Amino acid sequence: MPLRAVTLDAGGTLIEVAEPVGATYARVAGRHGIPLDARELERRFREAFAAASPLAFPGVPPTQLAAAEQGWWEAVVRRAFGASAHHPAFSACFAELYAHYARKDAWHVFPDVAPTLRALRARSLRLAVLSNFDRRLVTLLADLGLAPLIDHVVLSTAAGAAKPDVAAFRTALAILHTSAEETLHVGDSIAEDVEGARAAGFHAVLLDRSGLGESVPPHVATIAGLTQLPTLADALA
Ligand SMILES: [Mg+2]
C-alpha cells in the first residue's frame with residue numbers, strides 16, 4: 001500500500017530544550033531563593049522523568065486536562081527538587097518553570113526539520129506530530145514557525161494514551177484518515193516510537209541523531225538525520 005502519511009515525534013526529533021534542563025531549573029530555583037546544583041538537578045530530573053507514569057489521563061474530562069497536565073509536571077519537578085520541594089517558594093518556582101517551557105526561547109528546532117517537512121509535503125504526504133507532551137506543544141510549534149508545515153498535532157494527553165501504547169498511534173490514524181500500512185512513524189525512542197509504531201502496524205524508523213549505533217537492534221530501520229526521511233518515504237511510495 002503506498003505511503004500517504006508520516007507521523008513525527010516532537011522531543012528529540014523536531015525540537016530539543018535550548019539548554020540542559022538542570023541548568024534552567026537551577027537558575028530559576030536560585031532566583032526563588034532555592035540553591036540547587038545544575039548537574040545534580042539534571043540527573044534527578046532524568047530519573048524523575050523516566051520514573052513518571054505515562055503523560056496521559058484516560059477518563060479525565062477535557063475540562064480537567066490542563067490541570068492534570070500541570071499536576072503531572074509538578075510531580076516530576078517536585079521529585080527532581082527532592083527535599084528542596086518543601087521550600088515555601090517551590091510552587092512559585094514551578095509555575096515559572098512551567099511557563100518557561102511554553103515559550104519558544106526554551107526550545108531549539110533541529111535545522112533539518114523545516115526542509116524535511118517541506119520535502120514530505122511536496123510528496124503530498126499528510127503530516128502529523130505525535131507526541132507524549134501536553135497542550136503547550138501546539139502553541140510552541142506555531143511560535144517556532146512549524147505549524148504551517150504540519151497538518152495535525154496529536155498529543156498523548158488529548159488522546160488519553162501515550163506512546164508506545166498502540167491507542168496513541170490509532171488516534172493519529174483516525175485524525176489522518178489513513179491506515180497503519182499507509183503511515184510511517186519516525187522518532188528518537190526505540191521503545192516509544194519504533195516498537196510502539198510497529199505494534200500498531202505502522203512503518204517505523206528510528207531517528208538516531210546521537211549515534212546509538214550498536215545498541216540499536218538489527219531489525220530497527222535507522223536514519224541519522226531527518227534529511228534521509230524523504231528518500232525513505234519514496235521507497236515506500
Ligand atoms: Mg522523542
# chains A, B, ... in the order shown; residues from 1 in each chain; ligands from 1
>>> residues_around(residues="range 5-22 of chain A", least_positions_apart="6", cutoff="8 Å", atoms="only C-alpha atoms", output="short mmCIF file (atom, residue, chain, number, x, y, z; two decimals) with N, CA and C atoms, in the first residue's frame")
data_model
loop_
_atom_site.label_atom_id
_atom_site.label_comp_id
_atom_site.auth_asym_id
_atom_site.auth_seq_id
_atom_site.Cartn_x
_atom_site.Cartn_y
_atom_site.Cartn_z
N ASP A 37 22.21 22.52 42.70
CA ASP A 37 23.28 22.32 41.73
C ASP A 37 22.71 21.84 40.38
N ALA A 38 23.13 22.50 39.30
CA ALA A 38 22.58 22.22 37.97
C ALA A 38 22.78 20.76 37.55
N ARG A 39 23.99 20.26 37.79
CA ARG A 39 24.26 18.89 37.33
C ARG A 39 23.46 17.85 38.11
N GLU A 40 23.36 18.11 39.43
CA GLU A 40 22.58 17.21 40.28
C GLU A 40 21.11 17.25 39.87
N LEU A 41 20.62 18.46 39.56
CA LEU A 41 19.22 18.61 39.11
C LEU A 41 18.99 17.89 37.79
N GLU A 42 19.95 17.97 36.90
CA GLU A 42 19.83 17.29 35.61
C GLU A 42 19.67 15.79 35.83
N ARG A 43 20.52 15.24 36.68
CA ARG A 43 20.48 13.80 36.96
C ARG A 43 19.14 13.41 37.58
N PHE A 45 16.33 15.10 37.48
CA PHE A 45 15.21 15.29 36.55
C PHE A 45 15.07 14.07 35.65
N ASP A 105 11.63 30.46 23.28
CA ASP A 105 13.05 30.64 23.64
C ASP A 105 13.61 29.43 24.38
N ALA A 106 12.74 28.64 24.99
CA ALA A 106 13.21 27.49 25.77
C ALA A 106 13.60 26.31 24.88
N TRP A 107 13.29 26.44 23.57
CA TRP A 107 13.45 25.30 22.67
C TRP A 107 14.31 25.65 21.47
N HIS A 108 14.84 24.63 20.85
CA HIS A 108 15.66 24.76 19.65
C HIS A 108 15.09 23.80 18.61
N VAL A 109 14.90 24.28 17.40
CA VAL A 109 14.42 23.42 16.32
C VAL A 109 15.63 22.88 15.57
N PHE A 110 15.69 21.58 15.39
CA PHE A 110 16.80 20.99 14.62
C PHE A 110 16.76 21.56 13.20
N VAL A 113 14.63 20.05 10.20
CA VAL A 113 13.19 19.85 10.35
C VAL A 113 12.39 20.52 9.22
N LEU A 125 2.29 14.06 1.13
CA LEU A 125 2.07 13.24 2.32
C LEU A 125 1.43 14.08 3.41
N ARG A 126 0.45 13.48 4.11
CA ARG A 126 -0.13 14.18 5.26
C ARG A 126 0.82 14.02 6.45
N LEU A 127 0.95 15.09 7.22
CA LEU A 127 1.94 15.09 8.30
C LEU A 127 1.29 15.38 9.65
N ALA A 128 1.61 14.56 10.63
CA ALA A 128 1.12 14.80 11.98
C ALA A 128 2.27 14.66 12.97
N VAL A 129 2.30 15.53 13.95
CA VAL A 129 3.20 15.36 15.09
C VAL A 129 2.45 14.48 16.09
N LEU A 130 3.12 13.42 16.54
CA LEU A 130 2.53 12.51 17.53
C LEU A 130 3.47 12.49 18.73
N SER A 131 3.06 13.18 19.79
CA SER A 131 4.00 13.45 20.88
C SER A 131 3.43 13.11 22.26
N ALA A 172 -3.86 8.82 16.01
CA ALA A 172 -3.25 9.56 14.89
C ALA A 172 -3.84 9.10 13.56
N LEU A 176 -5.74 11.35 10.78
CA LEU A 176 -5.15 11.47 9.43
C LEU A 176 -6.02 10.81 8.36
N THR A 178 -5.93 7.66 7.59
CA THR A 178 -5.09 6.70 6.87
C THR A 178 -5.08 5.38 7.63
N GLU A 182 -0.32 2.55 5.53
CA GLU A 182 -0.07 3.73 4.69
C GLU A 182 0.69 4.82 5.45
N THR A 183 1.11 4.51 6.67
CA THR A 183 1.64 5.54 7.55
C THR A 183 3.02 5.15 8.10
N LEU A 184 3.92 6.12 8.09
CA LEU A 184 5.28 5.92 8.59
C LEU A 184 5.48 6.79 9.83
N HIS A 185 6.00 6.19 10.90
CA HIS A 185 6.30 6.99 12.09
C HIS A 185 7.81 7.10 12.27
N VAL A 186 8.25 8.28 12.65
CA VAL A 186 9.68 8.50 12.94
C VAL A 186 9.82 9.14 14.31
N GLY A 187 10.80 8.66 15.07
CA GLY A 187 11.06 9.23 16.39
C GLY A 187 12.39 8.74 16.92
N ASP A 188 12.82 9.34 18.04
CA ASP A 188 14.16 9.03 18.56
C ASP A 188 14.17 8.01 19.69
N ASP A 193 8.73 5.03 20.10
CA ASP A 193 8.43 5.35 18.71
C ASP A 193 8.46 4.11 17.80
N LEU A 207 15.09 7.66 14.50
CA LEU A 207 15.98 8.78 14.24
C LEU A 207 17.08 8.73 15.29
#
>>> closest_residue(among="A:Ala51, A:Leu117, A:Ala75, A:Ala162", to="ligand 1", atoms="only C-alpha atoms and all ligand atoms")
A:Ala162
>>> closest_residue(among="A:His177, A:Leu65, A:Asp112, A:Tyr25", to="Arg78 in chain A", atoms="only C-alpha atoms")
A:Tyr25
>>> residues_around(residues="range 208-221 of chain A", least_positions_apart="3", cutoff="10 Å", atoms="only C-alpha atoms", output="short mmCIF file (atom, residue, chain, number, x, y, z; two decimals) with C-alpha atoms, in the first residue's frame")
data_model
loop_
_atom_site.label_atom_id
_atom_site.label_comp_id
_atom_site.auth_asym_id
_atom_site.auth_seq_id
_atom_site.Cartn_x
_atom_site.Cartn_y
_atom_site.Cartn_z
CA GLY A 12 14.50 14.91 20.23
CA THR A 13 13.04 14.63 16.73
CA VAL A 186 9.68 8.50 12.94
CA GLY A 187 11.06 9.23 16.39
CA ASP A 188 14.16 9.03 18.56
CA SER A 189 12.99 6.39 21.03
CA ILE A 190 13.25 2.69 20.19
CA VAL A 194 9.72 2.29 16.84
CA GLU A 195 8.30 -0.58 18.89
CA ARG A 198 5.36 -1.39 14.72
CA HIS A 203 6.10 1.54 9.10
CA ALA A 204 8.64 2.81 11.60
CA VAL A 205 12.09 4.34 11.57
CA ALA A 224 20.95 9.59 11.30
CA GLY A 225 19.10 12.78 10.32
CA LEU A 226 15.67 13.79 9.10
CA LEU A 232 12.75 6.51 2.79
#
>>> select_by_dssp(residues="range 42-233 of chain A", states="alpha helix (DSSP H)", output="number ranges by chain")
A: 42-51, 65-81, 90-100, 113-122, 136-143, 156-159, 166-176, 196-199, 229-233
>>> closest_residue(among="A:Asp151, A:Asn132, A:Ala102, A:Thr139", to="ligand 1", atoms="only C-alpha atoms and all ligand atoms")
A:Asn132
>>> closest_residue(among="A:Leu146, A:Val28, A:Leu206, A:Ala237", to="Ile223 in chain A", atoms="only C-alpha atoms")
A:Leu206
